[in-house]
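Pasting coords26.csv here (CSV, N, CA, C and O atoms):
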chain,number,residue,atom,x,y,z
A,1257,MET,N,20.1,29.4,-11.5
A,1257,MET,CA,18.8,29.9,-11.8
A,1257,MET,C,17.9,28.8,-12.3
A,1257,MET,O,16.7,28.8,-11.9
A,1258,ARG,N,18.4,27.8,-13.0
A,1258,ARG,CA,17.6,26.7,-13.4
A,1258,ARG,C,16.9,26.0,-12.3
A,1258,ARG,O,15.8,25.6,-12.4
A,1259,ASP,N,17.7,25.7,-11.2
A,1259,ASP,CA,17.2,25.0,-10.1
A,1259,ASP,C,16.0,25.7,-9.5
A,1259,ASP,O,15.0,25.1,-9.1
A,1260,LYS,N,16.0,27.0,-9.4
A,1260,LYS,CA,14.9,27.8,-8.8
A,1260,LYS,C,13.7,27.6,-9.7
A,1260,LYS,O,12.6,27.5,-9.2
A,1261,LEU,N,13.8,27.7,-11.0
A,1261,LEU,CA,12.7,27.5,-11.9
A,1261,LEU,C,12.1,26.1,-11.8
A,1261,LEU,O,10.9,26.0,-11.7
A,1262,GLU,N,13.0,25.1,-11.7
A,1262,GLU,CA,12.4,23.7,-11.6
A,1262,GLU,C,11.7,23.6,-10.2
A,1262,GLU,O,10.6,23.0,-10.2
A,1263,ILE,N,12.2,24.2,-9.2
A,1263,ILE,CA,11.5,24.1,-7.9
A,1263,ILE,C,10.2,24.9,-8.0
A,1263,ILE,O,9.1,24.4,-7.5
A,1264,SER,N,10.2,26.0,-8.6
A,1264,SER,CA,8.9,26.8,-8.8
A,1264,SER,C,7.9,26.0,-9.6
A,1264,SER,O,6.7,25.9,-9.2
A,1265,ASN,N,8.4,25.3,-10.6
A,1265,ASN,CA,7.4,24.5,-11.4
A,1265,ASN,C,6.9,23.3,-10.6
A,1265,ASN,O,5.7,23.0,-10.8
A,1266,LEU,N,7.7,22.7,-9.8
A,1266,LEU,CA,7.3,21.6,-9.0
A,1266,LEU,C,6.2,22.1,-8.0
A,1266,LEU,O,5.2,21.5,-7.7
A,1267,ASP,N,6.5,23.3,-7.4
A,1267,ASP,CA,5.5,23.9,-6.4
A,1267,ASP,C,4.2,24.1,-7.1
A,1267,ASP,O,3.1,23.9,-6.5
A,1268,GLU,N,4.2,24.6,-8.3
A,1268,GLU,CA,3.0,24.8,-9.1
A,1268,GLU,C,2.2,23.5,-9.3
A,1268,GLU,O,1.0,23.4,-9.2
A,1269,LEU,N,3.0,22.4,-9.6
A,1269,LEU,CA,2.4,21.1,-9.8
A,1269,LEU,C,1.8,20.6,-8.5
A,1269,LEU,O,0.7,20.1,-8.4
A,1270,TYR,N,2.5,20.8,-7.4
A,1270,TYR,CA,2.0,20.4,-6.1
A,1270,TYR,C,0.7,21.1,-5.7
A,1270,TYR,O,-0.3,20.6,-5.2
A,1271,GLU,N,0.7,22.4,-6.0
A,1271,GLU,CA,-0.5,23.2,-5.8
A,1271,GLU,C,-1.7,22.7,-6.6
A,1271,GLU,O,-2.8,22.6,-6.1
A,1272,ALA,N,-1.4,22.3,-7.8
A,1272,ALA,CA,-2.5,21.8,-8.7
A,1272,ALA,C,-3.0,20.5,-8.1
A,1272,ALA,O,-4.2,20.3,-8.1
A,1273,ILE,N,-2.1,19.6,-7.6
A,1273,ILE,CA,-2.6,18.4,-7.0
A,1273,ILE,C,-3.5,18.6,-5.8
A,1273,ILE,O,-4.5,18.0,-5.6
A,1274,LEU,N,-3.1,19.6,-5.0
A,1274,LEU,CA,-3.9,20.0,-3.8
A,1274,LEU,C,-5.2,20.5,-4.2
A,1274,LEU,O,-6.1,20.5,-3.3
A,1275,CYS,N,-5.4,20.9,-5.4
A,1275,CYS,CA,-6.8,21.4,-5.9
A,1275,CYS,C,-7.7,20.3,-6.1
A,1275,CYS,O,-8.9,20.5,-6.2
A,1276,LEU,N,-7.2,19.1,-6.3
A,1276,LEU,CA,-8.1,18.0,-6.6
A,1276,LEU,C,-9.0,17.7,-5.4
A,1276,LEU,O,-8.5,17.6,-4.3
A,1277,GLU,N,-10.3,17.4,-5.7
A,1277,GLU,CA,-11.2,17.2,-4.6
A,1277,GLU,C,-11.7,15.8,-4.4
A,1277,GLU,O,-12.2,15.4,-3.4
A,1278,THR,N,-11.7,15.0,-5.5
A,1278,THR,CA,-12.2,13.6,-5.4
A,1278,THR,C,-11.2,12.6,-6.0
A,1278,THR,O,-10.3,13.0,-6.8
A,1279,LEU,N,-11.5,11.4,-5.7
A,1279,LEU,CA,-10.7,10.3,-6.3
A,1279,LEU,C,-10.8,10.3,-7.8
A,1279,LEU,O,-9.7,10.1,-8.5
A,1280,GLU,N,-11.9,10.5,-8.3
A,1280,GLU,CA,-12.1,10.6,-9.8
A,1280,GLU,C,-11.3,11.7,-10.4
A,1280,GLU,O,-10.7,11.5,-11.5
A,1281,GLU,N,-11.3,12.9,-9.8
A,1281,GLU,CA,-10.5,14.0,-10.3
A,1281,GLU,C,-9.1,13.6,-10.3
A,1281,GLU,O,-8.3,14.0,-11.2
A,1282,CYS,N,-8.6,13.0,-9.3
A,1282,CYS,CA,-7.2,12.6,-9.1
A,1282,CYS,C,-6.9,11.6,-10.2
A,1282,CYS,O,-5.8,11.7,-10.9
A,1283,ARG,N,-7.7,10.6,-10.5
A,1283,ARG,CA,-7.5,9.6,-11.6
A,1283,ARG,C,-7.4,10.4,-12.9
A,1283,ARG,O,-6.5,10.1,-13.7
A,1284,LEU,N,-8.3,11.3,-13.2
A,1284,LEU,CA,-8.3,12.0,-14.5
A,1284,LEU,C,-7.0,12.8,-14.6
A,1284,LEU,O,-6.4,12.8,-15.7
A,1285,PHE,N,-6.6,13.5,-13.6
A,1285,PHE,CA,-5.4,14.4,-13.6
A,1285,PHE,C,-4.2,13.5,-13.9
A,1285,PHE,O,-3.4,13.8,-14.8
A,1286,PHE,N,-4.0,12.5,-13.1
A,1286,PHE,CA,-2.8,11.7,-13.2
A,1286,PHE,C,-2.8,10.9,-14.5
A,1286,PHE,O,-1.7,10.6,-15.1
A,1287,LYS,N,-3.9,10.6,-15.0
A,1287,LYS,CA,-4.0,9.9,-16.3
A,1287,LYS,C,-3.5,10.8,-17.4
A,1287,LYS,O,-2.8,10.4,-18.4
A,1288,ASP,N,-3.9,12.1,-17.3
A,1288,ASP,CA,-3.4,13.1,-18.3
A,1288,ASP,C,-1.9,13.4,-18.1
A,1288,ASP,O,-1.2,13.7,-19.0
A,1289,LEU,N,-1.5,13.5,-16.8
A,1289,LEU,CA,-0.1,13.9,-16.5
A,1289,LEU,C,0.9,12.9,-16.7
A,1289,LEU,O,2.0,13.2,-17.2
A,1290,CYS,N,0.6,11.6,-16.5
A,1290,CYS,CA,1.6,10.5,-16.5
A,1290,CYS,C,1.4,9.5,-17.5
A,1290,CYS,O,0.2,9.3,-17.9
A,1291,THR,N,2.4,8.8,-17.9
A,1291,THR,CA,2.3,7.6,-18.8
A,1291,THR,C,1.9,6.5,-17.9
A,1291,THR,O,2.0,6.5,-16.6
A,1292,VAL,N,1.4,5.4,-18.5
A,1292,VAL,CA,1.0,4.2,-17.8
A,1292,VAL,C,2.2,3.6,-17.0
A,1292,VAL,O,2.1,3.3,-15.8
A,1293,PRO,N,3.4,3.5,-17.6
A,1293,PRO,CA,4.5,3.0,-16.9
A,1293,PRO,C,4.9,3.9,-15.7
A,1293,PRO,O,5.3,3.4,-14.6
A,1294,GLU,N,4.8,5.2,-15.8
A,1294,GLU,CA,5.0,6.1,-14.7
A,1294,GLU,C,4.1,5.8,-13.5
A,1294,GLU,O,4.5,5.8,-12.4
A,1295,LEU,N,2.8,5.7,-13.8
A,1295,LEU,CA,1.8,5.4,-12.8
A,1295,LEU,C,2.0,4.1,-12.2
A,1295,LEU,O,1.9,4.0,-10.9
A,1296,LYS,N,2.4,3.1,-13.0
A,1296,LYS,CA,2.7,1.8,-12.4
A,1296,LYS,C,3.9,1.9,-11.4
A,1296,LYS,O,3.9,1.2,-10.4
A,1297,SER,N,4.9,2.7,-11.8
A,1297,SER,CA,6.1,2.8,-11.0
A,1297,SER,C,5.8,3.5,-9.7
A,1297,SER,O,6.2,3.1,-8.6
A,1298,PHE,N,4.9,4.6,-9.7
A,1298,PHE,CA,4.5,5.3,-8.5
A,1298,PHE,C,3.7,4.3,-7.6
A,1298,PHE,O,4.0,4.2,-6.4
A,1299,SER,N,2.8,3.6,-8.2
A,1299,SER,CA,2.0,2.6,-7.5
A,1299,SER,C,2.9,1.5,-6.8
A,1299,SER,O,2.7,1.2,-5.6
A,1300,GLN,N,3.8,1.0,-7.6
A,1300,GLN,CA,4.7,0.0,-7.0
A,1300,GLN,C,5.5,0.5,-5.8
A,1300,GLN,O,5.6,-0.2,-4.8
A,1301,ARG,N,6.1,1.7,-6.0
A,1301,ARG,CA,6.9,2.3,-4.8
A,1301,ARG,C,6.0,2.5,-3.6
A,1301,ARG,O,6.4,2.3,-2.5
A,1302,PHE,N,4.7,2.9,-3.9
A,1302,PHE,CA,3.8,3.1,-2.7
A,1302,PHE,C,3.5,1.8,-2.0
A,1302,PHE,O,3.5,1.7,-0.8
A,1303,GLN,N,3.3,0.8,-2.8
A,1303,GLN,CA,3.0,-0.6,-2.2
A,1303,GLN,C,4.2,-1.1,-1.5
A,1303,GLN,O,4.1,-1.7,-0.4
A,1304,VAL,N,5.4,-0.9,-2.0
A,1304,VAL,CA,6.6,-1.3,-1.4
A,1304,VAL,C,6.7,-0.5,0.0
A,1304,VAL,O,7.0,-1.2,1.0
A,1305,ALA,N,6.5,0.7,0.0
A,1305,ALA,CA,6.5,1.5,1.2
A,1305,ALA,C,5.5,1.0,2.3
A,1305,ALA,O,5.8,0.8,3.4
A,1306,ARG,N,4.3,0.7,1.8
A,1306,ARG,CA,3.3,0.1,2.7
A,1306,ARG,C,3.7,-1.2,3.3
A,1306,ARG,O,3.6,-1.4,4.5
A,1307,MET,N,4.3,-2.1,2.4
A,1307,MET,CA,4.7,-3.4,2.9
A,1307,MET,C,5.9,-3.2,3.9
A,1307,MET,O,6.0,-4.0,4.9
A,1308,LEU,N,6.8,-2.3,3.6
A,1308,LEU,CA,8.0,-2.1,4.5
A,1308,LEU,C,7.5,-1.6,5.8
A,1308,LEU,O,7.9,-2.0,6.9
A,1309,THR,N,6.5,-0.7,5.8
A,1309,THR,CA,5.9,-0.1,7.0
A,1309,THR,C,5.2,-1.2,7.8
A,1309,THR,O,5.3,-1.2,9.1
A,1310,ASP,N,4.7,-2.2,7.1
A,1310,ASP,CA,4.0,-3.3,7.8
A,1310,ASP,C,5.0,-4.5,8.1
A,1310,ASP,O,4.6,-5.6,8.4
A,1311,LYS,N,6.3,-4.2,8.0
A,1311,LYS,CA,7.4,-5.1,8.4
A,1311,LYS,C,7.5,-6.4,7.5
A,1311,LYS,O,7.9,-7.4,8.0
A,1312,HIS,N,7.1,-6.3,6.3
A,1312,HIS,CA,7.3,-7.4,5.3
A,1312,HIS,C,8.8,-7.5,5.0
A,1312,HIS,O,9.5,-6.5,4.9
A,1313,VAL,N,9.3,-8.7,4.7
A,1313,VAL,CA,10.7,-8.9,4.3
A,1313,VAL,C,10.8,-8.7,2.8
A,1313,VAL,O,9.9,-8.8,2.0
A,1314,TYR,N,12.1,-8.3,2.4
A,1314,TYR,CA,12.3,-8.0,1.0
A,1314,TYR,C,11.8,-9.1,0.0
A,1314,TYR,O,11.2,-8.8,-1.0
A,1315,SER,N,12.1,-10.4,0.3
A,1315,SER,CA,11.7,-11.5,-0.6
A,1315,SER,C,10.2,-11.5,-0.8
A,1315,SER,O,9.7,-11.7,-1.9
A,1316,ASP,N,9.4,-11.2,0.2
A,1316,ASP,CA,7.9,-11.2,0.1
A,1316,ASP,C,7.5,-10.0,-0.8
A,1316,ASP,O,6.6,-10.0,-1.6
A,1317,ILE,N,8.2,-8.8,-0.6
A,1317,ILE,CA,7.9,-7.6,-1.3
A,1317,ILE,C,8.2,-7.8,-2.8
A,1317,ILE,O,7.4,-7.4,-3.7
A,1318,VAL,N,9.3,-8.4,-3.1
A,1318,VAL,CA,9.7,-8.7,-4.5
A,1318,VAL,C,8.6,-9.6,-5.1
A,1318,VAL,O,8.2,-9.3,-6.2
A,1319,LYS,N,8.3,-10.6,-4.4
A,1319,LYS,CA,7.3,-11.6,-4.9
A,1319,LYS,C,5.9,-10.9,-5.2
A,1319,LYS,O,5.3,-11.1,-6.2
A,1320,GLU,N,5.5,-10.1,-4.3
A,1320,GLU,CA,4.1,-9.5,-4.4
A,1320,GLU,C,4.1,-8.3,-5.3
A,1320,GLU,O,3.1,-8.1,-6.0
A,1321,THR,N,5.1,-7.5,-5.4
A,1321,THR,CA,5.1,-6.3,-6.1
A,1321,THR,C,5.9,-6.3,-7.4
A,1321,THR,O,5.6,-5.5,-8.3
A,1322,GLY,N,6.8,-7.2,-7.5
A,1322,GLY,CA,7.7,-7.3,-8.7
A,1322,GLY,C,8.8,-6.2,-8.7
A,1322,GLY,O,9.6,-6.1,-9.6
A,1323,ALA,N,8.9,-5.5,-7.6
A,1323,ALA,CA,9.9,-4.4,-7.4
A,1323,ALA,C,11.3,-5.1,-7.3
A,1323,ALA,O,11.5,-6.1,-6.8
A,1324,SER,N,12.3,-4.4,-7.8
A,1324,SER,CA,13.7,-4.8,-7.7
A,1324,SER,C,14.1,-4.5,-6.2
A,1324,SER,O,13.6,-3.7,-5.5
A,1325,THR,N,15.2,-5.2,-5.8
A,1325,THR,CA,15.7,-5.0,-4.5
A,1325,THR,C,16.3,-3.6,-4.4
A,1325,THR,O,16.2,-3.0,-3.3
A,1326,ALA,N,16.8,-3.0,-5.5
A,1326,ALA,CA,17.2,-1.6,-5.5
A,1326,ALA,C,16.1,-0.7,-5.2
A,1326,ALA,O,16.3,0.3,-4.5
A,1327,THR,N,14.9,-0.9,-5.8
A,1327,THR,CA,13.8,0.0,-5.6
A,1327,THR,C,13.3,-0.2,-4.1
A,1327,THR,O,13.1,0.8,-3.4
A,1328,ILE,N,13.3,-1.4,-3.6
A,1328,ILE,CA,12.9,-1.6,-2.2
A,1328,ILE,C,13.9,-0.9,-1.3
A,1328,ILE,O,13.5,-0.2,-0.3
A,1329,SER,N,15.2,-1.0,-1.6
A,1329,SER,CA,16.2,-0.3,-0.7
A,1329,SER,C,16.0,1.2,-0.8
A,1329,SER,O,16.1,1.8,0.3
A,1330,ARG,N,15.8,1.7,-1.9
A,1330,ARG,CA,15.6,3.2,-2.1
A,1330,ARG,C,14.4,3.6,-1.2
A,1330,ARG,O,14.4,4.6,-0.5
A,1331,VAL,N,13.3,2.9,-1.3
A,1331,VAL,CA,12.1,3.2,-0.6
A,1331,VAL,C,12.4,3.1,0.9
A,1331,VAL,O,12.0,3.9,1.7
A,1332,ASN,N,13.1,2.0,1.3
A,1332,ASN,CA,13.4,1.8,2.7
A,1332,ASN,C,14.2,2.9,3.3
A,1332,ASN,O,14.0,3.3,4.4
A,1333,ARG,N,15.2,3.4,2.5
A,1333,ARG,CA,16.0,4.6,2.9
A,1333,ARG,C,15.1,5.8,3.2
A,1333,ARG,O,15.3,6.5,4.2
A,1334,SER,N,14.1,6.0,2.3
A,1334,SER,CA,13.2,7.1,2.5
A,1334,SER,C,12.4,7.0,3.8
A,1334,SER,O,12.2,7.9,4.5
A,1335,LEU,N,12.0,5.8,4.1
A,1335,LEU,CA,11.3,5.5,5.3
A,1335,LEU,C,12.2,5.6,6.6
A,1335,LEU,O,11.8,6.1,7.6
A,1336,SER,N,13.4,5.1,6.4
A,1336,SER,CA,14.3,5.0,7.6
A,1336,SER,C,14.9,6.3,8.0
A,1336,SER,O,15.1,6.6,9.2
A,1337,TYR,N,15.4,7.1,7.0
A,1337,TYR,CA,16.1,8.3,7.3
A,1337,TYR,C,15.3,9.4,7.6
A,1337,TYR,O,15.8,10.4,8.2
A,1338,ASP,N,14.0,9.4,7.3
A,1338,ASP,CA,13.2,10.6,7.6
A,1338,ASP,C,11.8,10.1,8.0
A,1338,ASP,O,10.9,10.0,7.3
A,1339,GLY,N,11.8,9.7,9.3
A,1339,GLY,CA,10.5,9.2,9.9
A,1339,GLY,C,9.4,10.1,9.8
A,1339,GLY,O,8.2,9.7,9.9
A,1340,SER,N,9.6,11.3,9.4
A,1340,SER,CA,8.5,12.3,9.3
A,1340,SER,C,8.3,12.6,7.8
A,1340,SER,O,7.7,13.6,7.5
A,1341,GLY,N,8.8,11.8,6.9
A,1341,GLY,CA,8.7,12.0,5.5
A,1341,GLY,C,7.3,11.8,4.9
A,1341,GLY,O,6.3,11.5,5.6
A,1342,GLY,N,7.2,12.0,3.6
A,1342,GLY,CA,5.9,12.0,2.9
A,1342,GLY,C,5.2,10.7,3.0
A,1342,GLY,O,3.9,10.7,3.2
A,1343,TYR,N,5.9,9.5,2.9
A,1343,TYR,CA,5.2,8.3,3.1
A,1343,TYR,C,4.5,8.2,4.4
A,1343,TYR,O,3.3,7.8,4.5
A,1344,ASN,N,5.2,8.5,5.5
A,1344,ASN,CA,4.6,8.4,6.8
A,1344,ASN,C,3.4,9.4,7.0
A,1344,ASN,O,2.5,9.0,7.7
A,1345,ILE,N,3.5,10.6,6.4
A,1345,ILE,CA,2.4,11.5,6.5
A,1345,ILE,C,1.2,10.9,5.9
A,1345,ILE,O,0.1,10.9,6.5
A,1346,VAL,N,1.3,10.3,4.7
A,1346,VAL,CA,0.2,9.8,4.0
A,1346,VAL,C,-0.3,8.5,4.7
A,1346,VAL,O,-1.5,8.4,4.9
A,1347,PHE,N,0.6,7.6,5.2
A,1347,PHE,CA,0.1,6.4,5.8
A,1347,PHE,C,-0.7,6.8,7.1
A,1347,PHE,O,-1.7,6.2,7.4
A,1348,ASP,N,-0.2,7.8,7.9
A,1348,ASP,CA,-0.9,8.2,9.1
A,1348,ASP,C,-2.2,8.8,8.8
A,1348,ASP,O,-3.2,8.4,9.4
A,1349,ARG,N,-2.3,9.6,7.7
A,1349,ARG,CA,-3.6,10.2,7.4
A,1349,ARG,C,-4.6,9.1,6.8
A,1349,ARG,O,-5.8,9.2,7.1
A,1350,LEU,N,-4.1,8.2,6.0
A,1350,LEU,CA,-5.0,7.1,5.5
A,1350,LEU,C,-5.5,6.3,6.7
A,1350,LEU,O,-6.7,5.9,6.7
A,1351,GLU,N,-4.7,6.0,7.7
A,1351,GLU,CA,-5.1,5.2,8.8
A,1351,GLU,C,-6.2,6.0,9.6
A,1351,GLU,O,-7.2,5.4,10.0
A,1352,LYS,N,-6.0,7.3,9.8
A,1352,LYS,CA,-7.0,8.1,10.5
A,1352,LYS,C,-8.3,8.1,9.8
A,1352,LYS,O,-9.3,8.1,10.3
A,1353,LYS,N,-8.2,8.2,8.4
A,1353,LYS,CA,-9.4,8.3,7.6
A,1353,LYS,C,-10.1,6.9,7.7
A,1353,LYS,O,-11.3,6.9,7.8
A,1354,LYS,N,-9.4,5.8,7.7
A,1354,LYS,CA,-10.0,4.5,7.8
A,1354,LYS,C,-10.6,4.4,9.2
A,1354,LYS,O,-11.7,3.9,9.3
A,1355,ASP,N,-10.0,4.8,10.3
A,1355,ASP,CA,-10.5,4.7,11.6
A,1355,ASP,C,-11.8,5.6,11.8
A,1355,ASP,O,-12.6,5.2,12.6
A,1356,SER,N,-11.8,6.7,11.1
A,1356,SER,CA,-13.0,7.6,11.2
A,1356,SER,C,-14.2,7.1,10.4
A,1356,SER,O,-15.2,7.7,10.4
A,1357,GLY,N,-13.9,6.1,9.5
A,1357,GLY,CA,-15.0,5.6,8.7
A,1357,GLY,C,-15.2,6.4,7.4
A,1357,GLY,O,-16.3,6.2,6.8
A,1358,LYS,N,-14.4,7.3,7.0
A,1358,LYS,CA,-14.6,8.1,5.8
A,1358,LYS,C,-14.2,7.4,4.6
A,1358,LYS,O,-13.3,6.7,4.5
Rewrite the structure from the file as structure tokens, please.
Amino acid sequence: MRDKLEISNLDELYEAILCLETLEECRLFFKDLCTVPELKSFSQRFQVARMLTDKHVYSDIVKETGASTATISRVNRSLSYDGSGGYNIVFDRLEKKKDSGK
């Protein structure tokens, strides 16, 4: 029963995020929702994923992001095992947005 409740609560959170319309709204919401270390951790994993997608090697990623090799490996598994996962969806959409000039 607890797992269903946790999933339901996550879905409610995801729906809340989807309601955000601007970068500023997103900043405000995540500032309220997360601690500074949590936001730094999210940002670091995102940058690691970006660098892995751009074919950077682990040593360069460690140097640039400060991420541990364990974090880099975890992110790499997410990218490798599920090519249609969340990182790839976001990177594809960001690239399309950049190409369209928005």
Each residue of range 1278-1303 of chain A with at least one atom at most 8 Å from range 1321-1342 of chain A should appear once, together with its nearest atom pair and the corresponding distance in Å (one decimal); atoms considered: all atoms listed in the file; ordering: chain, then increasing residue number; output as CSV.
residue,atom,partner,partner_atom,distance
A:Lys1296,O,A:Thr1321,O,7.2
A:Ser1299,C,A:Thr1321,O,7.7
A:Gln1300,CA,A:Thr1321,O,5.7
A:Arg1301,O,A:Val1331,CA,6.1
A:Gln1303,C,A:Thr1321,CA,7.0
Subject >> Interatomic distance (Å, one decimal) between CA of Cys1290 in chain A and atom C of Leu1269 in chain A >> reply: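 Distance reported for this atom pair: 12.9 Å.
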Original post:
If you measure from atom C of Val1346 in chain A to atom C of Val1318 in chain A, what distance in Å do you get, rounded to one decimal?
Top reply: 22.4 Å
**OP:** Name the residues of chain A that fall into alpha helix (DSSP H) according to DSSP on the backbone, using the chain letters and numbers of this document, as a VMD selection string.
**Re:** chain A and resid 1258 to 1275 1279 to 1289 1292 to 1309 1314 to 1321 1325 to 1337 1342 to 1356
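Here the question is which of A:Leu1279, A:Ile1317, A:Leu1289, A:Leu1266 gets nearest to Phe1302 in chain A using only C-alpha atoms, and that residue is A:Ile1317.
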**OP:** Could you check how far atom N of Leu1276 in chain A sits from atom O of Thr1291 in chain A, in Å to one decimal?
**Re:**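 Computing it gives 18.7 Å between the two atoms.
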What's the 10 Å shell around Phe1347 in chain A, counting only C-alpha atoms, without same-chain residues fewer than 6 positions away, as a PDB file with N, CA, C and O atoms, in the coordinates of the input?
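Once written, around_22.pdb looks like this:
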ATOM      1  N   PHE A1302       4.700   2.900  -3.900  1.00  0.00           N
ATOM      2  CA  PHE A1302       3.800   3.100  -2.700  1.00  0.00           C
ATOM      3  C   PHE A1302       3.500   1.800  -2.000  1.00  0.00           C
ATOM      4  O   PHE A1302       3.500   1.700  -0.800  1.00  0.00           O
ATOM      5  N   ALA A1305       6.500   0.700   0.000  1.00  0.00           N
ATOM      6  CA  ALA A1305       6.500   1.500   1.200  1.00  0.00           C
ATOM      7  C   ALA A1305       5.500   1.000   2.300  1.00  0.00           C
ATOM      8  O   ALA A1305       5.800   0.800   3.400  1.00  0.00           O
ATOM      9  N   ARG A1306       4.300   0.700   1.800  1.00  0.00           N
ATOM     10  CA  ARG A1306       3.300   0.100   2.700  1.00  0.00           C
ATOM     11  C   ARG A1306       3.700  -1.200   3.300  1.00  0.00           C
ATOM     12  O   ARG A1306       3.600  -1.400   4.500  1.00  0.00           O
ATOM     13  N   THR A1309       6.500  -0.700   5.800  1.00  0.00           N
ATOM     14  CA  THR A1309       5.900  -0.100   7.000  1.00  0.00           C
ATOM     15  C   THR A1309       5.200  -1.200   7.800  1.00  0.00           C
ATOM     16  O   THR A1309       5.300  -1.200   9.100  1.00  0.00           O
ATOM     17  N   LYS A1353      -8.200   8.200   8.400  1.00  0.00           N
ATOM     18  CA  LYS A1353      -9.400   8.300   7.600  1.00  0.00           C
ATOM     19  C   LYS A1353     -10.100   6.900   7.700  1.00  0.00           C
ATOM     20  O   LYS A1353     -11.300   6.900   7.800  1.00  0.00           O
TER      21      LYS A1353
END
Could you give me range 1268-1274 of chain A completed to all heavy atoms, formatted as a JSON list (two decimals), keeping the file's coordinate frame?
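Full text of result_11.json as output:
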[["chain", "number", "residue", "atom", "x", "y", "z"],
["A", 1268, "GLU", "N", 4.20, 24.60, -8.30],
["A", 1268, "GLU", "CA", 3.00, 24.80, -9.10],
["A", 1268, "GLU", "C", 2.20, 23.50, -9.30],
["A", 1268, "GLU", "O", 1.00, 23.40, -9.20],
["A", 1268, "GLU", "CB", 3.26, 25.48, -10.42],
["A", 1268, "GLU", "CG", 2.03, 25.94, -11.14],
["A", 1268, "GLU", "CD", 2.35, 26.75, -12.39],
["A", 1268, "GLU", "OE1", 3.52, 26.93, -12.73],
["A", 1268, "GLU", "OE2", 1.38, 27.18, -13.03],
["A", 1269, "LEU", "N", 3.00, 22.40, -9.60],
["A", 1269, "LEU", "CA", 2.40, 21.10, -9.80],
["A", 1269, "LEU", "C", 1.80, 20.60, -8.50],
["A", 1269, "LEU", "O", 0.70, 20.10, -8.40],
["A", 1269, "LEU", "CB", 3.44, 20.09, -10.26],
["A", 1269, "LEU", "CG", 2.99, 18.63, -10.30],
["A", 1269, "LEU", "CD1", 1.84, 18.44, -11.28],
["A", 1269, "LEU", "CD2", 4.16, 17.74, -10.66],
["A", 1270, "TYR", "N", 2.50, 20.80, -7.40],
["A", 1270, "TYR", "CA", 2.00, 20.40, -6.10],
["A", 1270, "TYR", "C", 0.70, 21.10, -5.70],
["A", 1270, "TYR", "O", -0.30, 20.60, -5.20],
["A", 1270, "TYR", "CB", 3.01, 20.58, -4.95],
["A", 1270, "TYR", "CG", 4.31, 19.81, -5.14],
["A", 1270, "TYR", "CD1", 5.51, 20.33, -4.68],
["A", 1270, "TYR", "CD2", 4.34, 18.57, -5.79],
["A", 1270, "TYR", "CE1", 6.69, 19.64, -4.83],
["A", 1270, "TYR", "CE2", 5.53, 17.89, -5.95],
["A", 1270, "TYR", "CZ", 6.70, 18.42, -5.47],
["A", 1270, "TYR", "OH", 7.88, 17.74, -5.63],
["A", 1271, "GLU", "N", 0.70, 22.40, -6.00],
["A", 1271, "GLU", "CA", -0.50, 23.20, -5.80],
["A", 1271, "GLU", "C", -1.70, 22.70, -6.60],
["A", 1271, "GLU", "O", -2.80, 22.60, -6.10],
["A", 1271, "GLU", "CB", -0.28, 24.70, -6.08],
["A", 1271, "GLU", "CG", 0.63, 25.40, -5.09],
["A", 1271, "GLU", "CD", 0.01, 25.58, -3.72],
["A", 1271, "GLU", "OE1", -1.23, 25.53, -3.58],
["A", 1271, "GLU", "OE2", 0.78, 25.74, -2.76],
["A", 1272, "ALA", "N", -1.40, 22.30, -7.80],
["A", 1272, "ALA", "CA", -2.50, 21.80, -8.70],
["A", 1272, "ALA", "C", -3.00, 20.50, -8.10],
["A", 1272, "ALA", "O", -4.20, 20.30, -8.10],
["A", 1272, "ALA", "CB", -1.89, 21.51, -10.13],
["A", 1273, "ILE", "N", -2.10, 19.60, -7.60],
["A", 1273, "ILE", "CA", -2.60, 18.40, -7.00],
["A", 1273, "ILE", "C", -3.50, 18.60, -5.80],
["A", 1273, "ILE", "O", -4.50, 18.00, -5.60],
["A", 1273, "ILE", "CB", -1.37, 17.47, -6.66],
["A", 1273, "ILE", "CG1", -0.68, 17.00, -7.95],
["A", 1273, "ILE", "CG2", -1.80, 16.28, -5.80],
["A", 1273, "ILE", "CD1", 0.68, 16.38, -7.74],
["A", 1274, "LEU", "N", -3.10, 19.60, -5.00],
["A", 1274, "LEU", "CA", -3.90, 20.00, -3.80],
["A", 1274, "LEU", "C", -5.20, 20.50, -4.20],
["A", 1274, "LEU", "O", -6.10, 20.50, -3.30],
["A", 1274, "LEU", "CB", -3.10, 20.99, -2.97],
["A", 1274, "LEU", "CG", -1.88, 20.43, -2.24],
["A", 1274, "LEU", "CD1", -1.08, 21.57, -1.59],
["A", 1274, "LEU", "CD2", -2.29, 19.40, -1.20]]
